[in-house]
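Undergrad: One file is attached below, query-v4.json, containing JSON, C-alpha atoms.
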[["chain", "number", "residue", "atom", "x", "y", "z"],
["V", 1, "MET", "CA", -4.04, -10.75, 0.11],
["V", 2, "LYS", "CA", -5.15, -9.54, -3.24],
["V", 3, "TRP", "CA", -6.42, -11.61, -6.11],
["V", 4, "VAL", "CA", -3.04, -11.67, -7.86],
["V", 5, "ALA", "CA", -0.91, -14.69, -8.60],
["V", 6, "LYS", "CA", 1.86, -13.73, -6.18],
["V", 7, "ASP", "CA", -0.46, -13.29, -3.21],
["V", 8, "ILE", "CA", -2.42, -16.41, -4.03],
["V", 9, "GLU", "CA", 0.79, -18.39, -3.88],
["V", 10, "VAL", "CA", 1.33, -17.14, -0.33],
["V", 11, "TYR", "CA", -2.30, -17.91, 0.43],
["V", 12, "LEU", "CA", -1.94, -21.52, -0.71],
["V", 13, "GLY", "CA", 1.02, -21.92, 1.61],
["V", 14, "ALA", "CA", -0.66, -20.30, 4.61],
["V", 15, "LYS", "CA", -4.31, -21.22, 4.24],
["V", 16, "GLU", "CA", -4.81, -21.90, 7.92],
["V", 17, "TYR", "CA", -3.99, -18.28, 8.76],
["V", 18, "VAL", "CA", -6.37, -16.75, 6.23],
["V", 19, "ASP", "CA", -9.85, -17.12, 7.67],
["V", 20, "THR", "CA", -11.49, -13.98, 6.30],
["V", 21, "VAL", "CA", -12.71, -13.15, 2.84],
["V", 22, "VAL", "CA", -13.95, -9.79, 1.62],
["V", 23, "LEU", "CA", -16.05, -9.25, -1.47],
["V", 24, "PRO", "CA", -16.65, -5.65, -2.51],
["V", 25, "LEU", "CA", -20.07, -5.15, -4.13],
["V", 26, "LEU", "CA", -19.79, -2.58, -6.90],
["V", 27, "PRO", "CA", -22.93, -1.20, -8.54],
["V", 28, "VAL", "CA", -23.11, -0.15, -12.18],
["V", 29, "SER", "CA", -25.99, 1.85, -13.61],
["V", 30, "PHE", "CA", -26.70, 3.89, -16.71],
["V", 31, "ALA", "CA", -29.80, 5.59, -15.41],
["V", 32, "ASP", "CA", -29.98, 8.85, -13.42],
["V", 33, "ASP", "CA", -27.70, 7.46, -10.74],
["V", 34, "ILE", "CA", -24.84, 6.74, -13.14],
["V", 35, "LYS", "CA", -22.57, 9.19, -11.37],
["V", 36, "GLN", "CA", -23.43, 7.95, -7.92],
["V", 37, "THR", "CA", -22.75, 4.35, -8.81],
["V", 38, "ALA", "CA", -19.40, 5.40, -10.26],
["V", 39, "SER", "CA", -18.57, 7.24, -7.03],
["V", 40, "MET", "CA", -19.64, 4.26, -4.95],
["V", 41, "THR", "CA", -17.47, 1.93, -6.97],
["V", 42, "GLU", "CA", -14.51, 4.30, -6.81],
["V", 43, "PHE", "CA", -14.85, 4.84, -3.09],
["V", 44, "ILE", "CA", -15.19, 1.17, -2.20],
["V", 45, "THR", "CA", -12.30, 0.23, -4.45],
["V", 46, "LEU", "CA", -10.01, 2.74, -2.76],
["V", 47, "LEU", "CA", -11.16, 1.72, 0.67],
["V", 48, "SER", "CA", -10.77, -2.00, 0.10],
["V", 49, "GLY", "CA", -7.25, -1.38, -1.17],
["V", 50, "GLN", "CA", -6.35, 0.29, 2.12],
["V", 51, "LEU", "CA", -8.06, -2.42, 4.11],
["V", 52, "GLU", "CA", -6.14, -5.11, 2.28],
["V", 53, "ARG", "CA", -2.87, -3.36, 3.09],
["V", 54, "GLN", "CA", -3.72, -3.33, 6.77],
["V", 55, "PHE", "CA", -4.80, -6.97, 7.06],
["V", 56, "LYS", "CA", -2.81, -8.55, 4.27],
["V", 57, "GLY", "CA", -2.03, -11.69, 6.21],
["V", 58, "ARG", "CA", -5.48, -12.60, 7.39],
["V", 59, "LEU", "CA", -7.94, -11.61, 4.70],
["V", 60, "LEU", "CA", -8.36, -12.38, 1.08],
["V", 61, "MET", "CA", -9.60, -9.35, -0.86],
["V", 62, "LEU", "CA", -11.45, -10.54, -3.91],
["V", 63, "PRO", "CA", -11.86, -8.53, -7.08],
["V", 64, "GLY", "CA", -15.09, -6.58, -6.76],
["V", 65, "PHE", "CA", -18.38, -8.13, -7.73],
["V", 66, "SER", "CA", -19.95, -5.68, -10.15],
["V", 67, "TYR", "CA", -23.61, -5.92, -10.99],
["V", 68, "ILE", "CA", -26.06, -3.92, -13.04],
["V", 69, "LYS", "CA", -28.62, -2.09, -10.96],
["V", 70, "THR", "CA", -31.49, -3.20, -13.18],
["V", 71, "GLU", "CA", -30.95, -6.79, -12.08],
["V", 72, "SER", "CA", -33.73, -8.13, -9.89],
["V", 73, "GLU", "CA", -33.20, -8.31, -6.15],
["V", 74, "GLU", "CA", -33.80, -12.06, -5.91],
["V", 75, "LYS", "CA", -31.27, -12.83, -8.57],
["V", 76, "LEU", "CA", -28.61, -10.60, -7.00],
["V", 77, "LEU", "CA", -29.18, -12.12, -3.59],
["V", 78, "GLU", "CA", -29.00, -15.58, -5.05],
["V", 79, "THR", "CA", -25.71, -14.87, -6.80],
["V", 80, "VAL", "CA", -24.09, -13.21, -3.80],
["V", 81, "ASN", "CA", -25.29, -15.92, -1.44],
["V", 82, "HIS", "CA", -23.90, -18.48, -3.82],
["V", 83, "TRP", "CA", -20.51, -16.78, -3.44],
["V", 84, "GLY", "CA", -21.01, -16.78, 0.32],
["V", 85, "ALA", "CA", -21.79, -20.49, 0.39],
["V", 86, "GLU", "CA", -18.69, -21.21, -1.64],
["V", 87, "PHE", "CA", -16.54, -19.20, 0.81],
["V", 88, "VAL", "CA", -17.88, -21.20, 3.74],
["V", 89, "LYS", "CA", -17.23, -24.41, 1.83],
["V", 90, "GLN", "CA", -13.63, -23.27, 1.31],
["V", 91, "GLY", "CA", -13.20, -22.93, 5.05],
["V", 92, "PHE", "CA", -13.44, -19.18, 5.51],
["V", 93, "LYS", "CA", -14.82, -18.32, 8.93],
["V", 94, "HIS", "CA", -15.57, -14.67, 8.28],
["V", 95, "VAL", "CA", -17.32, -13.48, 5.15],
["V", 96, "PHE", "CA", -17.63, -9.74, 4.60],
["V", 97, "PHE", "CA", -19.38, -7.82, 1.87],
["V", 98, "VAL", "CA", -18.33, -4.19, 1.54],
["V", 99, "THR", "CA", -20.47, -1.74, -0.37],
["V", 100, "SER", "CA", -21.77, 1.81, -0.61],
["V", 101, "ASP", "CA", -24.97, 0.80, -2.35],
["V", 102, "SER", "CA", -27.77, 1.32, 0.16],
["V", 103, "ASP", "CA", -29.95, -1.31, -1.53],
["V", 104, "TRP", "CA", -27.84, -3.93, 0.19],
["V", 105, "LYS", "CA", -28.48, -2.37, 3.57],
["V", 106, "ALA", "CA", -32.19, -3.01, 3.03],
["V", 107, "ARG", "CA", -31.64, -6.68, 2.28],
["V", 108, "GLU", "CA", -28.92, -7.21, 4.86],
["V", 109, "ASP", "CA", -30.84, -9.88, 6.81],
["V", 110, "LYS", "CA", -31.15, -12.02, 3.70],
["V", 111, "LEU", "CA", -27.39, -12.03, 3.14],
["V", 112, "ASP", "CA", -25.23, -14.93, 4.28],
["V", 113, "GLY", "CA", -22.33, -12.97, 5.69],
["V", 114, "SER", "CA", -21.58, -9.66, 7.36],
["V", 115, "LEU", "CA", -22.44, -6.57, 5.41],
["V", 116, "ILE", "CA", -20.35, -3.47, 5.85],
["V", 117, "TRP", "CA", -22.17, -0.54, 4.38],
["V", 118, "LEU", "CA", -20.45, 2.82, 4.17],
["V", 119, "PRO", "CA", -21.95, 5.97, 2.69],
["V", 120, "PHE", "CA", -19.82, 6.99, -0.27],
["V", 121, "LEU", "CA", -17.96, 10.27, -0.38],
["V", 122, "PRO", "CA", -17.71, 12.34, -3.53],
["V", 123, "LEU", "CA", -13.98, 11.97, -4.07],
["V", 124, "GLU", "CA", -13.64, 13.79, -7.35],
["V", 125, "HIS", "CA", -13.52, 17.32, -5.95],
["V", 126, "MET", "CA", -11.36, 16.52, -2.99],
["V", 127, "ASP", "CA", -7.88, 17.71, -2.31],
["V", 128, "LYS", "CA", -5.47, 14.82, -2.22],
["V", 129, "ASN", "CA", -4.22, 15.28, 1.32],
["V", 130, "TYR", "CA", -7.72, 15.78, 2.60],
["V", 131, "LEU", "CA", -8.85, 12.68, 0.76],
["V", 132, "ASN", "CA", -6.10, 10.62, 2.35],
["V", 133, "SER", "CA", -6.98, 11.72, 5.85],
["V", 134, "ILE", "CA", -10.68, 11.02, 5.25],
["V", 135, "LEU", "CA", -9.96, 7.60, 3.86],
["V", 136, "GLU", "CA", -7.71, 6.89, 6.80],
["V", 137, "ASP", "CA", -10.50, 7.70, 9.23],
["V", 138, "GLN", "CA", -12.87, 5.40, 7.41],
["V", 139, "VAL", "CA", -10.32, 2.63, 7.27],
["V", 140, "LYS", "CA", -9.65, 3.01, 10.99],
["V", 141, "GLN", "CA", -13.32, 2.44, 11.73],
["V", 142, "MET", "CA", -13.33, -0.62, 9.56],
["V", 143, "ILE", "CA", -10.20, -1.94, 11.23],
["V", 144, "SER", "CA", -11.76, -1.82, 14.67],
["V", 145, "LEU", "CA", -14.89, -3.46, 13.27],
["V", 146, "PHE", "CA", -12.86, -6.33, 11.85],
["V", 147, "ILE", "CA", -10.84, -6.77, 15.02],
["V", 148, "LYS", "CA", -14.04, -6.85, 17.04],
["V", 149, "LYS", "CA", -15.59, -9.49, 14.81],
["V", 150, "TRP", "CA", -12.45, -11.58, 15.05],
["V", 151, "GLN", "CA", -12.31, -11.29, 18.82],
["V", 152, "ASP", "CA", -15.99, -12.20, 19.18],
["V", 153, "ARG", "CA", -15.36, -15.30, 17.19],
["V", 154, "ASP", "CA", -12.15, -16.25, 18.98],
["V", 155, "SER", "CA", -13.72, -15.91, 22.39],
["V", 156, "GLN", "CA", -16.57, -18.22, 21.51],
["O", 157, "MET", "CA", 51.99, 38.40, -35.64],
["O", 158, "SER", "CA", 54.00, 35.28, -34.84],
["O", 159, "LYS", "CA", 56.89, 34.40, -37.03],
["O", 160, "GLN", "CA", 55.44, 31.07, -38.02],
["O", 161, "ARG", "CA", 52.93, 31.78, -40.74],
["O", 162, "VAL", "CA", 49.95, 29.45, -40.98],
["O", 163, "THR", "CA", 49.52, 28.36, -44.53],
["O", 164, "ARG", "CA", 46.14, 28.27, -46.20],
["O", 165, "ARG", "CA", 46.36, 24.47, -46.39],
["O", 166, "GLN", "CA", 47.14, 24.16, -42.67],
["O", 167, "PHE", "CA", 44.36, 26.54, -41.69],
["O", 168, "LEU", "CA", 41.80, 24.60, -43.71],
["O", 169, "ASN", "CA", 43.02, 21.31, -42.27],
["O", 170, "TYR", "CA", 42.68, 22.53, -38.69],
["O", 171, "THR", "CA", 39.25, 23.98, -39.30],
["O", 172, "LEU", "CA", 37.94, 20.90, -41.02],
["O", 173, "THR", "CA", 39.26, 18.58, -38.30],
["O", 174, "GLY", "CA", 37.74, 20.75, -35.61],
["O", 175, "VAL", "CA", 34.32, 21.14, -37.17],
["O", 176, "GLY", "CA", 34.27, 17.52, -38.35],
["O", 177, "GLY", "CA", 35.20, 16.35, -34.89],
["O", 178, "PHE", "CA", 32.33, 18.29, -33.36],
["O", 179, "MET", "CA", 29.91, 16.86, -35.88],
["O", 180, "ALA", "CA", 31.13, 13.32, -35.34],
["O", 181, "ALA", "CA", 30.90, 13.76, -31.57],
["O", 182, "GLY", "CA", 27.40, 15.18, -31.93],
["O", 183, "MET", "CA", 26.35, 12.08, -33.77],
["O", 184, "LEU", "CA", 28.19, 9.56, -31.63],
["O", 185, "MET", "CA", 27.27, 10.92, -28.20],
["O", 186, "PRO", "CA", 23.55, 10.06, -28.36],
["O", 187, "MET", "CA", 24.45, 6.63, -29.71],
["O", 188, "VAL", "CA", 26.80, 5.95, -26.82],
["O", 189, "ARG", "CA", 24.16, 7.25, -24.42],
["O", 190, "PHE", "CA", 21.63, 4.83, -25.86],
["O", 191, "ALA", "CA", 24.07, 1.98, -25.53],
["O", 192, "VAL", "CA", 24.92, 2.60, -21.88],
["O", 193, "ASP", "CA", 21.48, 3.92, -20.89],
["O", 194, "PRO", "CA", 20.79, 1.36, -18.14],
["O", 195, "VAL", "CA", 23.96, 2.46, -16.38],
["O", 196, "LEU", "CA", 22.97, 6.13, -16.39],
["O", 197, "LYS", "CA", 19.47, 5.55, -15.11],
["O", 198, "HIS", "CA", 19.30, 6.40, -11.45],
["O", 199, "ASN", "CA", 17.90, 3.79, -9.17],
["O", 200, "PRO", "CA", 14.77, 5.01, -7.38],
["O", 201, "ALA", "CA", 15.06, 2.30, -4.74],
["O", 202, "GLY", "CA", 18.34, 3.71, -3.55],
["O", 203, "ASP", "CA", 16.93, 7.17, -3.06],
["O", 204, "PHE", "CA", 16.00, 8.60, 0.26],
["O", 205, "ILE", "CA", 12.56, 10.10, 0.63],
["O", 206, "VAL", "CA", 12.23, 13.12, 2.86],
["O", 207, "THR", "CA", 9.35, 12.83, 5.30],
["O", 208, "ASP", "CA", 7.58, 15.70, 7.01],
["O", 209, "LYS", "CA", 8.93, 14.63, 10.39],
["O", 210, "LYS", "CA", 11.48, 16.88, 12.06],
["O", 211, "ILE", "CA", 14.44, 15.08, 13.61],
["O", 212, "SER", "CA", 14.14, 17.23, 16.71],
["O", 213, "ASP", "CA", 10.50, 16.19, 17.19],
["O", 214, "ILE", "CA", 11.32, 12.51, 17.49],
["O", 215, "THR", "CA", 11.01, 11.23, 21.05],
["O", 216, "ASN", "CA", 11.57, 7.82, 22.53],
["O", 217, "GLU", "CA", 7.90, 6.98, 21.99],
["O", 218, "PRO", "CA", 7.33, 5.35, 18.57],
["O", 219, "VAL", "CA", 5.21, 7.48, 16.25],
["O", 220, "ARG", "CA", 3.78, 6.74, 12.84],
["O", 221, "VAL", "CA", 5.42, 8.54, 9.96],
["O", 222, "ASP", "CA", 3.81, 8.32, 6.54],
["O", 223, "PHE", "CA", 5.68, 9.20, 3.42],
["O", 224, "SER", "CA", 4.65, 8.99, -0.22],
["O", 225, "PHE", "CA", 6.64, 8.58, -3.34],
["O", 226, "GLU", "CA", 6.03, 7.71, -6.95],
["O", 227, "GLN", "CA", 6.55, 4.10, -7.79],
["O", 228, "GLN", "CA", 6.99, 3.02, -11.35],
["O", 229, "ASP", "CA", 5.59, -0.33, -12.28],
["O", 230, "ALA", "CA", 6.44, -0.82, -15.94],
["O", 231, "TRP", "CA", 4.40, 1.98, -17.59],
["O", 232, "TYR", "CA", 2.20, 2.59, -14.66],
["O", 233, "THR", "CA", 3.25, 5.19, -12.13],
["O", 234, "ALA", "CA", 1.47, 5.04, -8.84],
["O", 235, "GLU", "CA", 1.80, 7.09, -5.73],
["O", 236, "VAL", "CA", 2.64, 4.79, -2.89],
["O", 237, "THR", "CA", 2.39, 5.67, 0.75],
["O", 238, "ASN", "CA", 4.73, 3.92, 3.11],
["O", 239, "THR", "CA", 4.69, 4.00, 6.85],
["O", 240, "ALA", "CA", 7.43, 3.80, 9.42],
["O", 241, "TRP", "CA", 7.47, 3.62, 13.19],
["O", 242, "VAL", "CA", 10.08, 6.11, 14.32],
["O", 243, "TYR", "CA", 11.61, 6.71, 17.75],
["O", 244, "LYS", "CA", 14.90, 7.40, 19.49],
["O", 245, "ASP", "CA", 16.48, 4.54, 21.37],
["O", 246, "ASP", "CA", 18.26, 4.74, 24.73],
["O", 247, "LYS", "CA", 21.45, 5.97, 23.10],
["O", 248, "GLY", "CA", 19.53, 8.74, 21.38],
["O", 249, "GLU", "CA", 19.84, 7.13, 17.98],
["O", 250, "ILE", "CA", 16.91, 7.14, 15.60],
["O", 251, "VAL", "CA", 15.25, 3.83, 14.82],
["O", 252, "ALA", "CA", 12.82, 3.59, 11.91],
["O", 253, "LEU", "CA", 10.97, 0.30, 11.69],
["O", 254, "SER", "CA", 8.83, -1.01, 8.88],
["O", 255, "PRO", "CA", 5.29, -1.77, 10.02],
["O", 256, "VAL", "CA", 4.99, -4.82, 7.79],
["O", 257, "CYS", "CA", 4.60, -7.95, 9.89],
["O", 258, "LYS", "CA", 7.17, -10.61, 9.00],
["O", 259, "HIS", "CA", 4.57, -13.30, 9.29],
["O", 260, "LEU", "CA", 2.14, -12.64, 6.45],
["O", 261, "GLY", "CA", 2.47, -8.92, 5.85],
["O", 262, "CYS", "CA", -0.20, -7.24, 7.95],
["O", 263, "THR", "CA", 0.44, -3.79, 9.38],
["O", 264, "VAL", "CA", 1.58, -3.78, 12.99],
["O", 265, "ASP", "CA", 0.58, -1.16, 15.52],
["O", 266, "TRP", "CA", 2.36, 0.22, 18.56],
["O", 267, "ASN", "CA", 0.94, -0.41, 21.99],
["O", 268, "THR", "CA", -2.54, -1.54, 20.93],
["O", 269, "ASP", "CA", -2.61, -4.88, 22.71],
["O", 270, "LYS", "CA", -3.67, -4.27, 26.27],
["O", 271, "ALA", "CA", -2.13, -7.52, 27.50],
["O", 272, "ASN", "CA", 1.29, -6.55, 26.15],
["O", 273, "PRO", "CA", 1.95, -2.82, 26.50],
["O", 274, "GLU", "CA", 5.09, -1.29, 24.95],
["O", 275, "HIS", "CA", 5.11, -3.84, 22.15],
["O", 276, "PHE", "CA", 4.41, -3.77, 18.44],
["O", 277, "PHE", "CA", 1.29, -5.81, 17.90],
["O", 278, "CYS", "CA", -0.05, -7.44, 14.76],
["O", 279, "PRO", "CA", -3.85, -7.73, 14.93],
["O", 280, "CYS", "CA", -4.04, -10.53, 12.37],
["O", 281, "HIS", "CA", -2.51, -13.41, 14.28],
["O", 282, "ASN", "CA", -1.41, -11.75, 17.51],
["O", 283, "GLY", "CA", 2.20, -11.37, 16.47],
["O", 284, "LEU", "CA", 4.33, -9.43, 18.95],
["O", 285, "TYR", "CA", 7.57, -7.50, 18.62],
["O", 286, "THR", "CA", 9.50, -5.71, 21.31],
["O", 287, "LYS", "CA", 10.22, -2.02, 20.96],
["O", 288, "ASP", "CA", 13.43, -2.60, 19.03],
["O", 289, "GLY", "CA", 11.51, -4.72, 16.52],
["O", 290, "THR", "CA", 12.62, -8.14, 17.73],
["O", 291, "ASN", "CA", 9.95, -10.77, 17.37],
["O", 292, "VAL", "CA", 8.70, -12.31, 20.60],
["O", 293, "PRO", "CA", 9.21, -16.09, 20.55],
["O", 294, "GLY", "CA", 6.02, -18.09, 20.69],
["O", 295, "THR", "CA", 4.14, -15.68, 18.41],
["O", 296, "PRO", "CA", 3.79, -16.35, 14.67],
["O", 297, "PRO", "CA", 6.49, -13.98, 13.27],
["O", 298, "SER", "CA", 9.83, -15.65, 12.69],
["O", 299, "ALA", "CA", 12.01, -12.60, 12.08],
["O", 300, "PRO", "CA", 12.44, -9.08, 13.47],
["O", 301, "LEU", "CA", 10.79, -6.13, 11.71],
["O", 302, "ASP", "CA", 12.63, -4.59, 8.77],
["O", 303, "VAL", "CA", 14.61, -1.44, 9.39],
["O", 304, "TYR", "CA", 14.68, 1.69, 7.25],
["O", 305, "PRO", "CA", 18.04, 3.32, 6.70],
["O", 306, "TYR", "CA", 17.72, 7.02, 7.50],
["O", 307, "LYS", "CA", 19.40, 10.34, 6.79],
["O", 308, "GLU", "CA", 18.95, 13.85, 7.98],
["O", 309, "VAL", "CA", 18.01, 16.38, 5.33],
["O", 310, "ASP", "CA", 17.76, 19.99, 6.54],
["O", 311, "GLY", "CA", 16.56, 18.84, 9.94],
["O", 312, "TYR", "CA", 13.97, 16.51, 8.48],
["O", 313, "LEU", "CA", 14.03, 12.75, 8.53],
["O", 314, "ALA", "CA", 14.64, 10.99, 5.20],
["O", 315, "LEU", "CA", 14.08, 7.28, 4.83],
["O", 316, "GLY", "CA", 15.47, 4.79, 2.36],
["O", 317, "LYS", "CA", 14.33, 1.33, 1.44],
["O", 318, "ALA", "CA", 13.49, -0.99, 4.30],
["O", 319, "ALA", "CA", 15.83, -3.93, 4.64],
["O", 320, "PRO", "CA", 15.84, -7.01, 6.85],
["O", 321, "ARG", "CA", 17.83, -6.56, 10.01],
["O", 322, "LYS", "CA", 21.24, -8.12, 10.13],
["O", 323, "GLU", "CA", 21.47, -10.54, 12.97],
["O", 324, "ALA", "CA", 23.39, -9.01, 15.84]]
Could you rewrite the structure in this file as structure tokens?
TA:
Amino acid sequence: MKWVAKDIEVYLGAKEYVDTVVLPLLPVSFADDIKQTASMTEFITLLSGQLERQFKGRLLMLPGFSYIKTESEEKLLETVNHWGAEFVKQGFKHVFFVTSDSDWKAREDKLDGSLIWLPFLPLEHMDKNYLNSILEDQVKQMISLFIKKWQDRDSQ
Amino acid sequence: MSKQRVTRRQFLNYTLTGVGGFMAAGMLMPMVRFAVDPVLKHNPAGDFIVTDKKISDITNEPVRVDFSFEQQDAWYTAEVTNTAWVYKDDKGEIVALSPVCKHLGCTVDWNTDKANPEHFFCPCHNGLYTKDGTNVPGTPPSAPLDVYPYKEVDGYLALGKAAPRKEA
């Protein structure tokens, strides 16, 4: 489900079925890596859209959390973990953060939730059909990852 | 020359009526078009979209067929990709099923659940559908999968807008 009124209405009626929440982490920077951060944001936005389509009924896809890269690490971690704590309080069993920003990979163990880090692809020069097939491959990998996490949890 | 002479007055009358009529029509036509515009607009939902799947390539094993079209959402046009599961049934007739689970809208997959082969499986809440799209009782979905109407266009499969199945 997306963060739109129509989907949220469905969510309110079927809360017990929606046990997964995904928060995309989208970096913004105006320094040398301005273009990279734009690509990361673009890539993760596209990818999370596809992911949402696949698992509409079980996951809530939040609007991306965008942050400025100059923000200190502690503060970012604090904010994101605050989100995570709120998700748990709301009864979500699986919390995922999706990002292309490798800084998060380095602080993964300090995050309350599963981090999915994917290297971004420069999408701007890509042919549309090629782009679709690449995205599909990436989404497929994510799908199996999600299913695995769900199964691990269910079998416990 | 015919015997009946056309007088100058008659000639001018005819000419003026003719030219005036054209001018009036030229002005009125766009106005009428504006007035009835909603009627003339073709309905994109009713259109069939040609996929890149050849009719002759369809077997009795369901395969995924993706097709894209432009969807207009107010001023915003987006390219939307839809998916269908397509196969031929026992009578050789084509069946095109929507992959959208009737429970909460996840995308179902063919033959991915090892415990239930030859079924459509929804990974979200273990929803199951038989090959013809009927929901298996005891699993979350409460209705069979939607069906796409289809047409054949130059040997290729064309799909319309998915609609709920009428109860047999």
Undergrad: Select all residues near (17.7, 7.1, 16.3) (cut-off 12 Å, inclusive, file coordinates), counting all atoms listed in the file, and output them as a ChimeraX atom specification.
TA: /O:211-218,241-253,288,303-308,313
Undergrad: Find the distance between CA of Gln50 in chain V and CA of Glu136 in chain V and write it in Å to one decimal.
TA: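 These atoms are spaced 8.2 Å apart.
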Undergrad: Once you count only C-alpha atoms, what closest atom pair and distance in Å to one decimal does each residue of chain V within 9 Å of chain O have, with rows by chain and rising residue number, as JSON lines?
TA:
{"residue": "V:Met1", "atom": "CA", "partner": "O:Gly261", "partner_atom": "CA", "distance": 8.9}
{"residue": "V:Val10", "atom": "CA", "partner": "O:Leu260", "partner_atom": "CA", "distance": 8.2}
{"residue": "V:Ala14", "atom": "CA", "partner": "O:Leu260", "partner_atom": "CA", "distance": 8.4}
{"residue": "V:Tyr17", "atom": "CA", "partner": "O:His281", "partner_atom": "CA", "distance": 7.5}
{"residue": "V:Glu52", "atom": "CA", "partner": "O:Cys262", "partner_atom": "CA", "distance": 8.5}
{"residue": "V:Arg53", "atom": "CA", "partner": "O:Cys262", "partner_atom": "CA", "distance": 6.8}
{"residue": "V:Gln54", "atom": "CA", "partner": "O:Thr263", "partner_atom": "CA", "distance": 4.9}
{"residue": "V:Phe55", "atom": "CA", "partner": "O:Cys262", "partner_atom": "CA", "distance": 4.7}
{"residue": "V:Lys56", "atom": "CA", "partner": "O:Cys262", "partner_atom": "CA", "distance": 4.7}
{"residue": "V:Gly57", "atom": "CA", "partner": "O:Leu260", "partner_atom": "CA", "distance": 4.3}
{"residue": "V:Arg58", "atom": "CA", "partner": "O:Cys280", "partner_atom": "CA", "distance": 5.6}
{"residue": "V:Leu59", "atom": "CA", "partner": "O:Cys280", "partner_atom": "CA", "distance": 8.7}
{"residue": "V:Ile147", "atom": "CA", "partner": "O:Pro279", "partner_atom": "CA", "distance": 7.1}
{"residue": "V:Trp150", "atom": "CA", "partner": "O:Cys280", "partner_atom": "CA", "distance": 8.9}
Undergrad: Extract, using only C-alpha atoms, all DNA, RNA and protein residues at most 9 Å from Met142 in chain V, discarding same-chain residues fewer than 5 positions from it, and format them as a VMD selection string.
TA: chain V and resid 51 116 137 147
Undergrad: How many Å lie between CA of Trp83 in chain V and CA of Lys110 in chain V, rounded to one decimal?
TA: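 So the two atoms, CA of Trp83 in chain V and CA of Lys110 in chain V, lie 13.7 Å apart.
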Undergrad: Report, in Å to a single decimal, how far apart CA of Trp3 in chain V and CA of Gln90 in chain V are.
TA: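 About the pair CA of Gln90 in chain V and CA of Trp3 in chain V: they are 15.6 Å apart.
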Undergrad: So which residues touch Leu77 in chain V within 7 Å, counting all atoms listed in the file, skipping near sequence neighbours fewer than 4 positions away, as a list in words?
TA: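 Final neighbour list, sorted by chain and number: Glu73, Asn81 and Leu111 of chain V.
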Undergrad: Name all residues at most 8 Å from Thr45 in chain V (count all atoms listed in the file; drop same-chain ones fewer than 4 positions away) and give them as a list in words.
TA: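 Everything that qualifies: Pro24, Thr41, Gly49 and Gly64 of chain V.
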Undergrad: From the list V:Val95, V:Val18, V:Met126, V:Leu25, which residue is nearest Tyr67 in chain V when using only C-alpha atoms?
TA: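 Distance minimum relative to Tyr67 in chain V lands on V:Leu25.
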Undergrad: Contacts of Pro273 in chain O at 12 Å or less, counting all atoms listed in the file, minus same-chain residues fewer than 3 places along, as a PyMOL selection string?
TA: chain O and resi 265-270+276-277+284-287
Undergrad: Give the answer as one residue: which of V:Met40, V:Val28, V:Leu118, V:Leu46 has the shortest atom-to-atom distance to Ile68 in chain V, using all atoms listed in the file?
TA: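 Nearest candidate to Ile68 in chain V out of V:Met40, V:Val28, V:Leu118, V:Leu46: V:Val28.
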Undergrad: Centre and edge lengths, as JSON, for the axis-aligned box enclosing every listed atom of range 5-15 of chain V with 8 Å of padding on each of the six sides, in Å to one decimal?
TA:
{"center_x": -1.2, "center_y": -17.6, "center_z": -2.0, "size_x": 22.2, "size_y": 24.6, "size_z": 29.2}
